[in-house]
Each structure stands twice: as C-alpha cells, then as structure tokens.
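What follows is the content of input.cif, which has mmCIF, C-alpha atoms (C1' of nucleotides):
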data_coords
loop_
_atom_site.label_atom_id
_atom_site.label_comp_id
_atom_site.auth_asym_id
_atom_site.auth_seq_id
_atom_site.Cartn_x
_atom_site.Cartn_y
_atom_site.Cartn_z
CA MET H 405 0.00 0.00 0.00
CA LEU H 406 0.87 3.71 -0.15
CA ASN H 407 2.50 3.08 -3.55
CA LEU H 408 4.60 6.20 -3.82
CA VAL H 409 5.56 8.02 -6.99
CA ARG H 410 8.81 9.90 -7.09
CA SER H 411 7.45 13.32 -6.06
CA ASP H 412 5.76 11.76 -3.05
CA ALA H 413 8.95 9.97 -2.12
CA ILE H 414 10.78 13.28 -2.13
CA ALA H 415 8.26 14.74 0.25
CA TYR H 416 8.97 11.82 2.56
CA LEU H 417 12.77 11.99 2.37
CA GLY H 418 13.88 11.90 5.99
CA GLY H 419 10.41 12.54 7.33
CA MET H 420 7.73 10.57 9.08
CA LYS H 421 4.42 12.05 8.02
CA PRO H 422 3.78 14.26 5.06
CA LEU H 423 3.82 17.84 6.32
CA PHE H 424 0.83 19.78 5.12
CA HIS H 425 1.52 23.18 3.59
CA PRO H 426 -1.57 24.94 2.25
CA ASP H 427 -1.60 26.50 -1.17
CA ILE H 428 -1.13 30.20 -0.48
CA ASP H 429 -4.20 31.01 -2.55
CA ASP H 430 -6.33 28.96 -0.19
CA VAL H 431 -5.26 31.06 2.79
CA ALA H 432 -7.76 33.68 3.91
CA PRO H 433 -6.67 36.86 5.68
CA ALA H 434 -8.60 35.86 8.79
CA ASP H 435 -6.54 32.65 8.96
CA ILE H 436 -3.33 34.63 8.86
CA PHE H 437 -4.48 36.96 11.63
CA ALA H 438 -5.64 34.08 13.80
CA ALA H 439 -2.18 32.56 13.53
CA LEU H 440 -0.59 35.87 14.49
CA ALA H 441 -2.84 36.39 17.49
CA ASP H 442 -0.50 34.73 19.94
CA PRO H 443 2.67 36.11 21.55
CA ILE H 444 4.60 32.86 21.32
CA ARG H 445 3.91 32.59 17.60
CA LEU H 446 4.86 36.22 17.07
CA GLY H 447 8.06 35.50 18.98
CA ILE H 448 8.80 32.61 16.63
CA LEU H 449 8.11 34.81 13.62
CA VAL H 450 10.42 37.56 14.84
CA ALA H 451 13.18 35.07 15.57
CA LEU H 452 12.78 33.57 12.11
CA SER H 453 12.79 36.97 10.46
CA ASP H 454 16.37 37.60 11.44
CA ALA H 455 17.66 34.08 11.29
CA THR H 456 20.49 34.34 8.81
CA GLU H 457 22.37 31.24 9.94
CA MET H 458 20.56 27.97 9.43
CA ASP H 459 21.09 27.00 13.05
CA LYS H 460 18.70 29.71 14.17
CA ALA H 461 15.88 28.26 12.10
CA ARG H 462 16.05 24.83 13.65
CA CYS H 463 13.04 23.96 15.79
CA SER H 464 15.20 23.01 18.73
CA ASN H 465 16.43 26.59 18.92
CA PHE H 466 13.06 27.77 20.14
CA VAL H 467 13.04 25.79 23.36
CA GLY H 468 13.38 29.03 25.29
CA LEU H 469 9.87 30.00 24.26
CA ALA H 470 7.82 27.03 25.44
CA SER H 471 7.86 23.30 26.15
CA PRO H 472 8.56 20.96 23.21
CA SER H 473 4.97 19.84 22.89
CA LEU H 474 3.63 23.37 23.04
CA LEU H 475 6.16 24.45 20.45
CA SER H 476 4.99 21.68 18.14
CA TYR H 477 1.47 22.96 18.53
CA HIS H 478 2.45 26.51 17.62
CA PHE H 479 4.67 25.38 14.73
CA ALA H 480 1.69 23.56 13.29
CA LYS H 481 -0.52 26.63 13.63
CA LEU H 482 1.93 28.78 11.72
CA ARG H 483 2.45 26.14 9.07
CA GLU H 484 -1.23 25.38 8.56
CA ALA H 485 -1.94 29.10 8.23
CA GLY H 486 0.53 29.32 5.35
CA ILE H 487 2.99 31.52 7.20
CA THR H 488 5.89 29.13 7.61
CA HIS H 489 7.44 26.24 5.78
CA MET H 490 8.92 23.25 7.57
CA ARG H 491 11.68 21.12 6.15
CA VAL H 492 12.78 17.82 7.64
CA GLU H 493 16.45 16.89 7.74
CA GLY H 494 17.42 13.81 9.66
CA THR H 495 16.17 14.17 13.17
CA SER H 496 15.93 17.96 12.96
CA ARG H 497 13.38 20.25 11.39
CA TYR H 498 13.92 23.68 10.01
CA LEU H 499 11.47 26.53 9.76
CA SER H 500 11.33 29.34 7.27
CA ILE H 501 8.93 32.15 6.53
CA ARG H 502 7.07 31.80 3.23
CA ARG H 503 8.14 35.26 2.20
CA ALA H 504 7.64 35.07 -1.55
CA ASP H 505 4.21 33.46 -1.23
CA LEU H 506 3.05 35.91 1.43
CA ASP H 507 4.40 38.97 -0.36
CA ARG H 508 2.64 38.00 -3.55
CA ARG H 509 -0.67 37.23 -1.91
CA PHE H 510 -0.69 39.92 0.80
CA PRO H 511 1.61 42.71 -0.38
CA GLY H 512 3.25 44.63 2.40
CA LEU H 513 1.56 42.67 5.15
CA LEU H 514 4.44 40.51 6.30
CA ASP H 515 6.88 43.40 6.57
CA SER H 516 4.55 45.54 8.64
CA VAL H 517 3.63 42.59 10.85
CA ILE H 518 7.27 41.78 11.55
CA GLU H 519 8.08 45.42 12.17
CA ALA H 520 5.22 45.73 14.63
CA ALA H 521 6.17 42.53 16.41
CA GLN H 522 9.86 43.41 16.58
CA ARG H 523 9.02 46.58 18.44
CA ASP H 524 6.81 44.86 20.99
CA PRO H 525 8.82 44.54 24.20
CA SER H 526 6.26 42.19 25.72
CA LEU H 527 6.95 39.42 23.21
CA PRO H 528 9.02 36.43 24.37
CA ARG H 529 12.52 36.43 22.89
CA VAL H 530 14.54 33.49 21.69
CA PRO H 531 17.82 33.62 23.61
CA GLU H 532 21.02 33.84 21.58
CA PRO H 533 22.86 30.52 21.70
CA ALA H 534 25.85 30.66 24.05
CA GLN H 535 28.99 31.31 22.02
CA ALA H 536 31.13 28.20 21.65
CA LYS H 537 34.39 28.57 23.53
CA GLY H 538 36.95 30.07 21.18
CA MET G 817 -21.70 60.55 43.52
CA LEU G 818 -19.94 60.41 40.16
CA ASN G 819 -19.15 64.13 40.51
CA LEU G 820 -18.27 64.91 36.93
CA VAL G 821 -15.78 67.48 35.72
CA ARG G 822 -16.28 69.09 32.36
CA SER G 823 -14.12 66.69 30.32
CA ASP G 824 -16.02 63.72 31.77
CA ALA G 825 -19.31 65.36 30.97
CA ILE G 826 -18.27 65.74 27.37
CA ALA G 827 -17.52 62.04 27.16
CA TYR G 828 -21.07 61.43 28.33
CA LEU G 829 -22.80 63.86 25.98
CA GLY G 830 -25.58 61.86 24.43
CA GLY G 831 -24.27 58.55 25.72
CA MET G 832 -25.24 56.06 28.32
CA LYS G 833 -22.02 54.42 29.49
CA PRO G 834 -18.54 55.72 28.98
CA LEU G 835 -17.14 53.94 25.94
CA PHE G 836 -13.72 52.56 26.61
CA HIS G 837 -11.06 53.33 24.03
CA PRO G 838 -7.60 52.03 24.91
CA ASP G 839 -4.56 54.23 24.64
CA ILE G 840 -2.95 53.15 21.39
CA ASP G 841 0.36 52.61 23.16
CA ASP G 842 -1.25 50.01 25.38
CA VAL G 843 -2.30 47.94 22.40
CA ALA G 844 -0.10 44.93 21.64
CA PRO G 845 0.24 43.53 18.12
CA ALA G 846 -1.27 40.22 19.22
CA ASP G 847 -4.40 42.12 20.36
CA ILE G 848 -4.75 43.71 16.94
CA PHE G 849 -4.41 40.37 15.16
CA ALA G 850 -6.89 38.69 17.47
CA ALA G 851 -9.42 41.38 16.60
CA LEU G 852 -8.77 40.87 12.89
CA ALA G 853 -9.12 37.09 13.08
CA ASP G 854 -12.82 37.09 12.28
CA PRO G 855 -14.54 37.51 8.91
CA ILE G 856 -17.37 39.62 10.26
CA ARG G 857 -14.96 42.06 11.85
CA LEU G 858 -12.88 42.19 8.68
CA GLY G 859 -16.10 42.89 6.80
CA ILE G 860 -16.83 45.78 9.13
CA LEU G 861 -13.32 47.12 8.67
CA VAL G 862 -13.54 46.98 4.89
CA ALA G 863 -16.90 48.71 4.91
CA LEU G 864 -15.54 51.44 7.18
CA SER G 865 -12.45 51.88 5.05
CA ASP G 866 -14.50 53.22 2.16
CA ALA G 867 -17.23 54.94 4.10
CA THR G 868 -17.02 58.48 2.83
CA GLU G 869 -20.54 59.50 3.74
CA MET G 870 -21.31 59.54 7.43
CA ASP G 871 -24.37 57.34 6.90
CA LYS G 872 -22.17 54.43 5.99
CA ALA G 873 -20.38 54.57 9.32
CA ARG G 874 -23.53 54.31 11.41
CA CYS G 875 -23.81 51.05 13.32
CA SER G 876 -27.25 50.37 11.95
CA ASN G 877 -25.79 50.17 8.46
CA PHE G 878 -24.09 46.89 9.29
CA VAL G 879 -27.24 44.91 9.96
CA GLY G 880 -26.59 42.92 6.82
CA LEU G 881 -23.57 41.29 8.47
CA ALA G 882 -25.09 39.85 11.62
CA SER G 883 -27.82 40.21 14.23
CA PRO G 884 -27.84 43.39 16.33
CA SER G 885 -26.51 41.69 19.42
CA LEU G 886 -23.76 39.92 17.54
CA LEU G 887 -22.80 43.18 15.88
CA SER G 888 -22.53 44.85 19.27
CA TYR G 889 -20.19 42.10 20.33
CA HIS G 890 -17.96 42.55 17.30
CA PHE G 891 -18.03 46.36 17.56
CA ALA G 892 -16.76 46.03 21.11
CA LYS G 893 -13.96 43.70 20.05
CA LEU G 894 -12.74 46.15 17.44
CA ARG G 895 -13.03 49.09 19.80
CA GLU G 896 -11.31 47.38 22.73
CA ALA G 897 -8.47 46.32 20.44
CA GLY G 898 -7.87 49.95 19.54
CA ILE G 899 -8.86 49.57 15.91
CA THR G 900 -12.05 51.61 15.86
CA HIS G 901 -13.52 54.62 17.58
CA MET G 902 -17.17 54.86 18.47
CA ARG G 903 -19.04 58.12 18.78
CA VAL G 904 -22.51 58.43 20.25
CA GLU G 905 -25.02 60.83 18.72
CA GLY G 906 -28.58 60.68 19.96
CA THR G 907 -29.82 57.16 19.51
CA SER G 908 -27.25 56.33 16.85
CA ARG G 909 -23.60 55.41 17.07
CA TYR G 910 -20.91 56.00 14.51
CA LEU G 911 -17.78 54.02 13.90
CA SER G 912 -14.47 55.17 12.51
CA ILE G 913 -11.08 53.60 12.02
CA ARG G 914 -8.37 55.02 14.28
CA ARG G 915 -6.17 55.65 11.29
CA ALA G 916 -3.76 58.20 12.71
CA ASP G 917 -3.20 56.23 15.89
CA LEU G 918 -2.71 52.95 14.08
CA ASP G 919 -0.44 54.41 11.40
CA ARG G 920 1.79 55.95 14.03
CA ARG G 921 2.02 52.85 16.19
CA PHE G 922 2.03 50.18 13.46
CA PRO G 923 3.30 51.85 10.29
CA GLY G 924 1.95 50.30 7.12
CA LEU G 925 -0.04 47.65 8.91
CA LEU G 926 -3.53 49.06 8.50
CA ASP G 927 -3.16 49.67 4.78
CA SER G 928 -1.91 46.19 4.03
CA VAL G 929 -4.59 44.65 6.24
CA ILE G 930 -7.34 46.55 4.46
CA GLU G 931 -5.90 45.73 1.07
CA ALA G 932 -5.74 42.03 1.92
CA ALA G 933 -9.27 42.03 3.31
CA GLN G 934 -10.69 43.97 0.37
CA ARG G 935 -9.45 41.30 -2.02
CA ASP G 936 -10.91 38.42 -0.04
CA PRO G 937 -14.08 37.32 -1.85
CA SER G 938 -15.13 35.16 1.08
CA LEU G 939 -15.68 38.12 3.40
CA PRO G 940 -19.26 39.22 4.09
CA ARG G 941 -20.16 42.47 2.37
CA VAL G 942 -22.27 45.30 3.68
CA PRO G 943 -25.02 45.84 1.13
CA GLU G 944 -25.31 49.29 -0.43
CA PRO G 945 -28.35 51.08 0.96
CA ALA G 946 -31.25 51.11 -1.52
CA GLN G 947 -31.30 54.40 -3.41
CA ALA G 948 -34.07 56.69 -2.22
CA LYS G 949 -36.71 57.18 -4.91
CA GLY G 950 -35.67 60.14 -7.04
"C1'" DC T 654 21.11 -3.83 19.03
"C1'" DG T 655 20.16 -0.22 22.82
"C1'" DA T 656 20.51 4.61 24.06
"C1'" DT T 657 19.91 9.36 22.87
"C1'" DT T 658 18.11 13.28 20.72
"C1'" DA T 659 14.43 15.76 18.20
"C1'" DA T 660 10.06 16.34 17.75
"C1'" DT T 661 5.19 14.94 17.46
"C1'" DT T 662 0.81 12.97 19.10
"C1'" DC T 663 -2.76 12.27 22.36
"C1'" DA T 664 -5.90 13.01 26.15
"C1'" DA T 665 -7.30 16.10 29.50
"C1'" DT T 666 -7.87 20.72 31.48
"C1'" DG T 667 -9.61 25.43 31.87
"C1'" DA T 668 -10.13 29.66 29.27
"C1'" DT T 669 -11.80 32.29 25.69
"C1'" DC T 670 -14.69 32.80 21.58
"C1'" DA T 671 -18.76 33.24 18.41
"C1'" DT T 672 -23.51 32.88 18.35
"C1'" DT T 673 -28.42 33.09 19.88
"C1'" DG T 674 -32.39 35.06 21.87
"C1'" DA T 675 -34.58 37.51 25.44
"C1'" DA T 676 -34.49 41.48 28.37
"C1'" DT T 677 -32.93 46.14 28.99
"C1'" DT T 678 -31.38 50.95 28.21
"C1'" DT T 679 -31.47 55.27 25.91
"C1'" DC T 680 -33.07 58.76 23.10
"C1'" DG T 681 -36.21 61.22 20.36
"C1'" DA T 682 -40.63 61.87 18.43
"C1'" DA T 683 -45.77 61.65 18.49
"C1'" DT I 250 -45.99 60.20 28.92
"C1'" DT I 251 -46.10 56.54 25.91
"C1'" DC I 252 -44.08 54.53 21.77
"C1'" DG I 253 -40.55 52.97 18.55
"C1'" DA I 254 -35.94 52.71 16.84
"C1'" DA I 255 -31.04 51.88 17.97
"C1'" DA I 256 -28.14 49.47 20.32
"C1'" DT I 257 -26.32 47.04 24.40
"C1'" DT I 258 -26.33 43.58 28.10
"C1'" DC I 259 -26.94 39.09 29.92
"C1'" DA I 260 -27.17 34.12 30.30
"C1'" DA I 261 -26.61 30.02 27.92
"C1'" DT I 262 -24.64 27.07 24.30
"C1'" DG I 263 -21.10 24.64 21.67
"C1'" DA I 264 -16.66 25.32 19.47
"C1'" DT I 265 -12.05 26.37 19.46
"C1'" DC I 266 -7.80 27.56 21.89
"C1'" DA I 267 -3.53 27.34 24.82
"C1'" DT I 268 -1.32 24.55 27.98
"C1'" DT I 269 0.39 20.33 30.39
"C1'" DG I 270 2.40 15.93 30.80
"C1'" DA I 271 2.83 11.32 29.34
"C1'" DA I 272 3.43 8.28 25.54
"C1'" DT I 273 5.13 7.72 20.90
"C1'" DT I 274 7.81 7.96 16.56
"C1'" DA I 275 11.92 8.56 13.88
"C1'" DA I 276 16.71 9.12 12.97
"C1'" DT I 277 21.38 8.81 14.55
"C1'" DC I 278 25.28 7.22 17.13
"C1'" DG I 279 27.67 4.19 20.33
#
Using structure tokens, write down the structure from this file.
Amino acid sequence: MLNLVRSDAIAYLGGMKPLFHPDIDDVAPADIFAALADPIRLGILVALSDATEMDKARCSNFVGLASPSLLSYHFAKLREAGITHMRVEGTSRYLSIRRADLDRRFPGLLDSVIEAAQRDPSLPRVPEPAQAKG
Amino acid sequence: MLNLVRSDAIAYLGGMKPLFHPDIDDVAPADIFAALADPIRLGILVALSDATEMDKARCSNFVGLASPSLLSYHFAKLREAGITHMRVEGTSRYLSIRRADLDRRFPGLLDSVIEAAQRDPSLPRVPEPAQAKG
DNA sequence: CGATTAATTCAATGATCATTGAATTTCGAA
DNA sequence: TTCGAAATTCAATGATCATTGAATTAATCG
C-alpha cells in the first residue's frame, strides 16, 4: 500500500508524516491573523525573520519560548496558516517564513507585521545561543 | 456621587455608558491580530475603510452582516483592540477607524490589512443602501 | 542492538470565543 | 408620557484555543 511516486517519495525523504503546507491562494486573511494572534507565535516569527544562519531556524532553537509539545502545537498553527514552511532533515526540522508566497498574496503585510512585532517589548525572545568557547 | 468634571461630561454627551477606548500605546500587536481574526470584523473594517458619507459609518448600516446583538459584540472587540472609535449621537452610534493612531504605532499595517481584506471574496459584504426614490 | 536526541501525538484541562435570543437601556418623536 | 428605533447587556450554548504531561515515533550514534 501507499504506492509512492517519485514526487511523493521526495516529500517523505527523511520525514515521518507528510507535512501539510496549504496553497497560499487557499489562505484567507482571517486565517493569517488568527495565527498571528498569539505572543509565542509572534516571537517565533520575529526570531525567524532575522535568522540568517541555518542553526537559528532549527526547531530546537526555540526551546526558550515554550515546552517541546507546546512548540509543536504553535509550529503547526503557523504552518497550517501558510505563514511558515517546515523542512525535515534527519532528526531535525527547520522553519522558514514563506516570504515570496506571502508577499505575492498579501503585499506589504508581512513586513509591517514583523516590524510591529519586533518593536513589541512584551513578546518572548529566543535567547542567543551561548557562544562556543573560542 | 460620580461628581463629573467638564471633560467627563463631554464624554457622556448623548451617551449612556462611557465607551472605553484604549490608549494606542497600550495595544499589543497580538491584540490587533486577534481582533482581525474574524470575517465579520474584517467585513466591518472593509466597509468602514470606504465609508465616505457619514451614513455608511452608522452602526445600523451593518445589519446585513449579523444580528444586532452579535454586531454589538464585534463592535466592542474592534473598539477594545484599539482599531475603531465609536461616537454616540442621539440614539445612533458611529464608527471610525483610528487611522492616525494605528499608522503611528504600526506603520503600514492598516493599509496592508485593508488591502488584503478587500481582495478576499469570502468576506461578508455590507449591502449598499437602496437608493431613495428620485 | 540499545541509548539518545528531536520532535510529534494524544488526552485532559480550563479559558476564551462566536452565536443566539430575550431582556434592557437610551433617546427622540408623536 | 407613551411609543418605537437603535443598540447594548446578559445568560446560555457549543466550538475552538492554549497549555500540560505522558506516551510515541523517527533518525542517529555508540
């Protein structure tokens, strides 16, 4: 059973279940706002928005924000709302913001959201990883 | 009791209870997004955004969107989130978007929100009032 | 293989939300 | 003063949400 074709197999490479990412055209504005209506998720978004190094986009780097199971819950909310993409690599997962999709569908929205969130001092912050001894 | 000074009295002119409008600096981004996470409220916002004539900003003009009591509920959500202002005049109330406040505190956000909502065909629309016989 | 690490799933909890309908308030007009 | 229109308040409902902790899955490394 399951009988995969090649494109399916690629989606499974290194993963357990197929991760659902909605088509951006199926995402309604109200869905986006619902996903943004939580300080932990806004904290994740802000952290992602200035994650230049890949390490900072790994799920395990957000442990400062909430417990693992709660983080999973919030990751799923962001992903199912079309805001983030999740890529599986071995035992780790990496998040990214779906910038191109969001900018095309909701021009200007993402930038102003991130700017607003960045300036909010009440949002939880992801701590910088301790610098490896050099 | 109550012992009003003049500025309080003005707030009461024509009204029953003092309408609470939060200081825009007390409004967190997550509060804004929570208020926007509902299609009826987005419908109200869109209708307000192109309400040039005062008639279109009167509460009673939104009856097409929901029942009176449900509308009251949604009006309060928008007002308490700092998105709208409500003015009492006789037996009517008038809504307006707190544009200047929002633009100062969350630059660019309101415009992109309205643009996104305007393009969403799934949002409920406020019907144009029937043209008076001419 | 067994242990470890990364992350999810599941069931249970209390809190908040959207909706309804009935009762109430307020104002203005007859 | 009584009536009607405008709008809110209140109590009740079911639905969804955020959170917790325990159990589970999956990949990697010894």
**Item:** Two-atom distance - atom CA of H:Ser471, atom C1' of I:DG270 (Å)
**Value:**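 Calculated distance between atom CA of H:Ser471 and atom C1' of I:DG270 is 10.3 Å.
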**Request:** Would you translate the PyMOL selection byres ((chain T and resi 664) around 12) into the concrete set of residues it matches in this file, as a ChimeraX atom specification?
**Result:** /T:662-663,665-666 /I:269-272
Centre, edges in Å (one decimal): axis-aligned box, stretch 266-270 of chain I, 4 Å padding on all six sides, as JSON:
{"center_x": -2.7, "center_y": 21.7, "center_z": 26.3, "size_x": 18.2, "size_y": 19.6, "size_z": 16.9}
**Prompt:** For the file shown, what are the residues hit by the PyMOL selection byres ((chain H) within 12 of (chain I)), laid out as an NGL selection string?
**Reply:** :H and (417-421 or 438-439 or 441-445 or 470-475 or 477-478 or 481 or 492-497)
**Prompt:** Counting only C-alpha atoms (C1' of nucleotides), what is within 6 Å of G:Thr900, bar same-chain residues fewer than 3 positions away, as number ranges by chain?
**Reply:** G: 894-895, 912-914
**atom CA of H:Ala520 to atom CA of H:Ala504, distance in Å rounded to a single decimal** = 19.5 Å
Please find the residues of chain T near chain G - the criterion being any atom within 10 Å, counting all atoms listed in the file - and write them as a CSV table (one decimal) with C-alpha atoms (C1' of nucleotides), keeping the file's coordinate frame.
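Done, and the output landed in out31.csv:
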chain,number,residue,atom,x,y,z
T,671,DA,C1',-18.8,33.2,18.4
T,672,DT,C1',-23.5,32.9,18.4
T,673,DT,C1',-28.4,33.1,19.9
T,674,DG,C1',-32.4,35.1,21.9
T,678,DT,C1',-31.4,51.0,28.2
T,679,DT,C1',-31.5,55.3,25.9
T,680,DC,C1',-33.1,58.8,23.1
T,681,DG,C1',-36.2,61.2,20.4
**Asked** Once the PyMOL selection byres ((chain H) within 7 of (chain G)) has been applied to the shown file, what residues remain in the selection, as a PyMOL selection string?
**Response** chain H and resi 432-435+437-438+440-443+510-513+516-517+520-521+524
Could you turn the residues from that selection into a file that holds C-alpha atoms, as a PDB file, keeping the file's coordinate frame?
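As a result, again.pdb now contains:
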ATOM      1  CA  ALA H 432      -7.760  33.680   3.910  1.00  0.00           C
ATOM      2  CA  PRO H 433      -6.670  36.860   5.680  1.00  0.00           C
ATOM      3  CA  ALA H 434      -8.600  35.860   8.790  1.00  0.00           C
ATOM      4  CA  ASP H 435      -6.540  32.650   8.960  1.00  0.00           C
ATOM      5  CA  PHE H 437      -4.480  36.960  11.630  1.00  0.00           C
ATOM      6  CA  ALA H 438      -5.640  34.080  13.800  1.00  0.00           C
ATOM      7  CA  LEU H 440      -0.590  35.870  14.490  1.00  0.00           C
ATOM      8  CA  ALA H 441      -2.840  36.390  17.490  1.00  0.00           C
ATOM      9  CA  ASP H 442      -0.500  34.730  19.940  1.00  0.00           C
ATOM     10  CA  PRO H 443       2.670  36.110  21.550  1.00  0.00           C
ATOM     11  CA  PHE H 510      -0.690  39.920   0.800  1.00  0.00           C
ATOM     12  CA  PRO H 511       1.610  42.710  -0.380  1.00  0.00           C
ATOM     13  CA  GLY H 512       3.250  44.630   2.400  1.00  0.00           C
ATOM     14  CA  LEU H 513       1.560  42.670   5.150  1.00  0.00           C
ATOM     15  CA  SER H 516       4.550  45.540   8.640  1.00  0.00           C
ATOM     16  CA  VAL H 517       3.630  42.590  10.850  1.00  0.00           C
ATOM     17  CA  ALA H 520       5.220  45.730  14.630  1.00  0.00           C
ATOM     18  CA  ALA H 521       6.170  42.530  16.410  1.00  0.00           C
ATOM     19  CA  ASP H 524       6.810  44.860  20.990  1.00  0.00           C
TER      20      ASP H 524
END
**Atomic separation - atom CA of H:Pro426 relative to atom CA of H:Gly468, Å** = 27.8 Å
Quick one: residues within 10 Å of H:Lys460, all atoms listed in the file counted, chain neighbours fewer than 5 positions away excluded, as an mmCIF file with C-alpha atoms, in the frame of the given file?
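Contents of part27.cif, freshly written:
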data_model
loop_
_atom_site.group_PDB
_atom_site.id
_atom_site.type_symbol
_atom_site.label_atom_id
_atom_site.label_comp_id
_atom_site.auth_asym_id
_atom_site.auth_seq_id
_atom_site.Cartn_x
_atom_site.Cartn_y
_atom_site.Cartn_z
ATOM 1 C CA ALA H 451 13.180 35.070 15.570
ATOM 2 C CA LEU H 452 12.780 33.570 12.110
ATOM 3 C CA ASP H 454 16.370 37.600 11.440
ATOM 4 C CA ALA H 455 17.660 34.080 11.290
ATOM 5 C CA ASN H 465 16.430 26.590 18.920
ATOM 6 C CA PHE H 466 13.060 27.770 20.140
ATOM 7 C CA TYR H 498 13.920 23.680 10.010
ATOM 8 C CA LEU H 499 11.470 26.530 9.760
ATOM 9 C CA VAL H 530 14.540 33.490 21.690
ATOM 10 C CA GLU H 532 21.020 33.840 21.580
ATOM 11 C CA PRO H 533 22.860 30.520 21.700
#
N, CA, C and O atoms are needed for stretch 506-519 of chain H; please write them out as a PDB file, in the frame of the given file.
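Dumped everything to result.pdb:
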ATOM      1  N   LEU H 506       3.806  34.913   0.659  1.00  0.00           N
ATOM      2  CA  LEU H 506       3.050  35.910   1.430  1.00  0.00           C
ATOM      3  C   LEU H 506       3.099  37.283   0.770  1.00  0.00           C
ATOM      4  O   LEU H 506       2.089  37.990   0.702  1.00  0.00           O
ATOM      5  N   ASP H 507       4.284  37.649   0.261  1.00  0.00           N
ATOM      6  CA  ASP H 507       4.400  38.970  -0.360  1.00  0.00           C
ATOM      7  C   ASP H 507       3.562  39.073  -1.624  1.00  0.00           C
ATOM      8  O   ASP H 507       3.020  40.137  -1.932  1.00  0.00           O
ATOM      9  N   ARG H 508       3.458  37.963  -2.339  1.00  0.00           N
ATOM     10  CA  ARG H 508       2.640  38.000  -3.550  1.00  0.00           C
ATOM     11  C   ARG H 508       1.159  38.098  -3.184  1.00  0.00           C
ATOM     12  O   ARG H 508       0.414  38.899  -3.740  1.00  0.00           O
ATOM     13  N   ARG H 509       0.755  37.300  -2.212  1.00  0.00           N
ATOM     14  CA  ARG H 509      -0.670  37.230  -1.910  1.00  0.00           C
ATOM     15  C   ARG H 509      -1.146  38.390  -1.041  1.00  0.00           C
ATOM     16  O   ARG H 509      -2.261  38.870  -1.203  1.00  0.00           O
ATOM     17  N   PHE H 510      -0.305  38.821  -0.099  1.00  0.00           N
ATOM     18  CA  PHE H 510      -0.690  39.920   0.800  1.00  0.00           C
ATOM     19  C   PHE H 510       0.406  40.982   0.809  1.00  0.00           C
ATOM     20  O   PHE H 510       1.155  41.110   1.784  1.00  0.00           O
ATOM     21  N   PRO H 511       0.474  41.783  -0.237  1.00  0.00           N
ATOM     22  CA  PRO H 511       1.610  42.710  -0.380  1.00  0.00           C
ATOM     23  C   PRO H 511       1.755  43.648   0.818  1.00  0.00           C
ATOM     24  O   PRO H 511       0.782  44.272   1.251  1.00  0.00           O
ATOM     25  N   GLY H 512       2.961  43.698   1.319  1.00  0.00           N
ATOM     26  CA  GLY H 512       3.250  44.630   2.400  1.00  0.00           C
ATOM     27  C   GLY H 512       2.902  44.129   3.779  1.00  0.00           C
ATOM     28  O   GLY H 512       3.379  44.661   4.782  1.00  0.00           O
ATOM     29  N   LEU H 513       2.062  43.108   3.844  1.00  0.00           N
ATOM     30  CA  LEU H 513       1.560  42.670   5.150  1.00  0.00           C
ATOM     31  C   LEU H 513       2.667  42.102   6.030  1.00  0.00           C
ATOM     32  O   LEU H 513       2.829  42.514   7.186  1.00  0.00           O
ATOM     33  N   LEU H 514       3.430  41.187   5.483  1.00  0.00           N
ATOM     34  CA  LEU H 514       4.440  40.510   6.300  1.00  0.00           C
ATOM     35  C   LEU H 514       5.432  41.509   6.900  1.00  0.00           C
ATOM     36  O   LEU H 514       5.741  41.451   8.093  1.00  0.00           O
ATOM     37  N   ASP H 515       5.907  42.423   6.079  1.00  0.00           N
ATOM     38  CA  ASP H 515       6.880  43.400   6.570  1.00  0.00           C
ATOM     39  C   ASP H 515       6.324  44.222   7.729  1.00  0.00           C
ATOM     40  O   ASP H 515       6.990  44.424   8.739  1.00  0.00           O
ATOM     41  N   SER H 516       5.098  44.690   7.575  1.00  0.00           N
ATOM     42  CA  SER H 516       4.550  45.540   8.640  1.00  0.00           C
ATOM     43  C   SER H 516       4.245  44.716   9.889  1.00  0.00           C
ATOM     44  O   SER H 516       4.368  45.211  11.010  1.00  0.00           O
ATOM     45  N   VAL H 517       3.863  43.465   9.701  1.00  0.00           N
ATOM     46  CA  VAL H 517       3.630  42.590  10.850  1.00  0.00           C
ATOM     47  C   VAL H 517       4.923  42.369  11.626  1.00  0.00           C
ATOM     48  O   VAL H 517       4.970  42.511  12.846  1.00  0.00           O
ATOM     49  N   ILE H 518       5.981  42.045  10.893  1.00  0.00           N
ATOM     50  CA  ILE H 518       7.270  41.780  11.550  1.00  0.00           C
ATOM     51  C   ILE H 518       7.777  43.044  12.230  1.00  0.00           C
ATOM     52  O   ILE H 518       8.260  42.999  13.362  1.00  0.00           O
ATOM     53  N   GLU H 519       7.627  44.164  11.566  1.00  0.00           N
ATOM     54  CA  GLU H 519       8.080  45.420  12.170  1.00  0.00           C
ATOM     55  C   GLU H 519       7.325  45.702  13.463  1.00  0.00           C
ATOM     56  O   GLU H 519       7.922  46.076  14.475  1.00  0.00           O
TER      57      GLU H 519
END
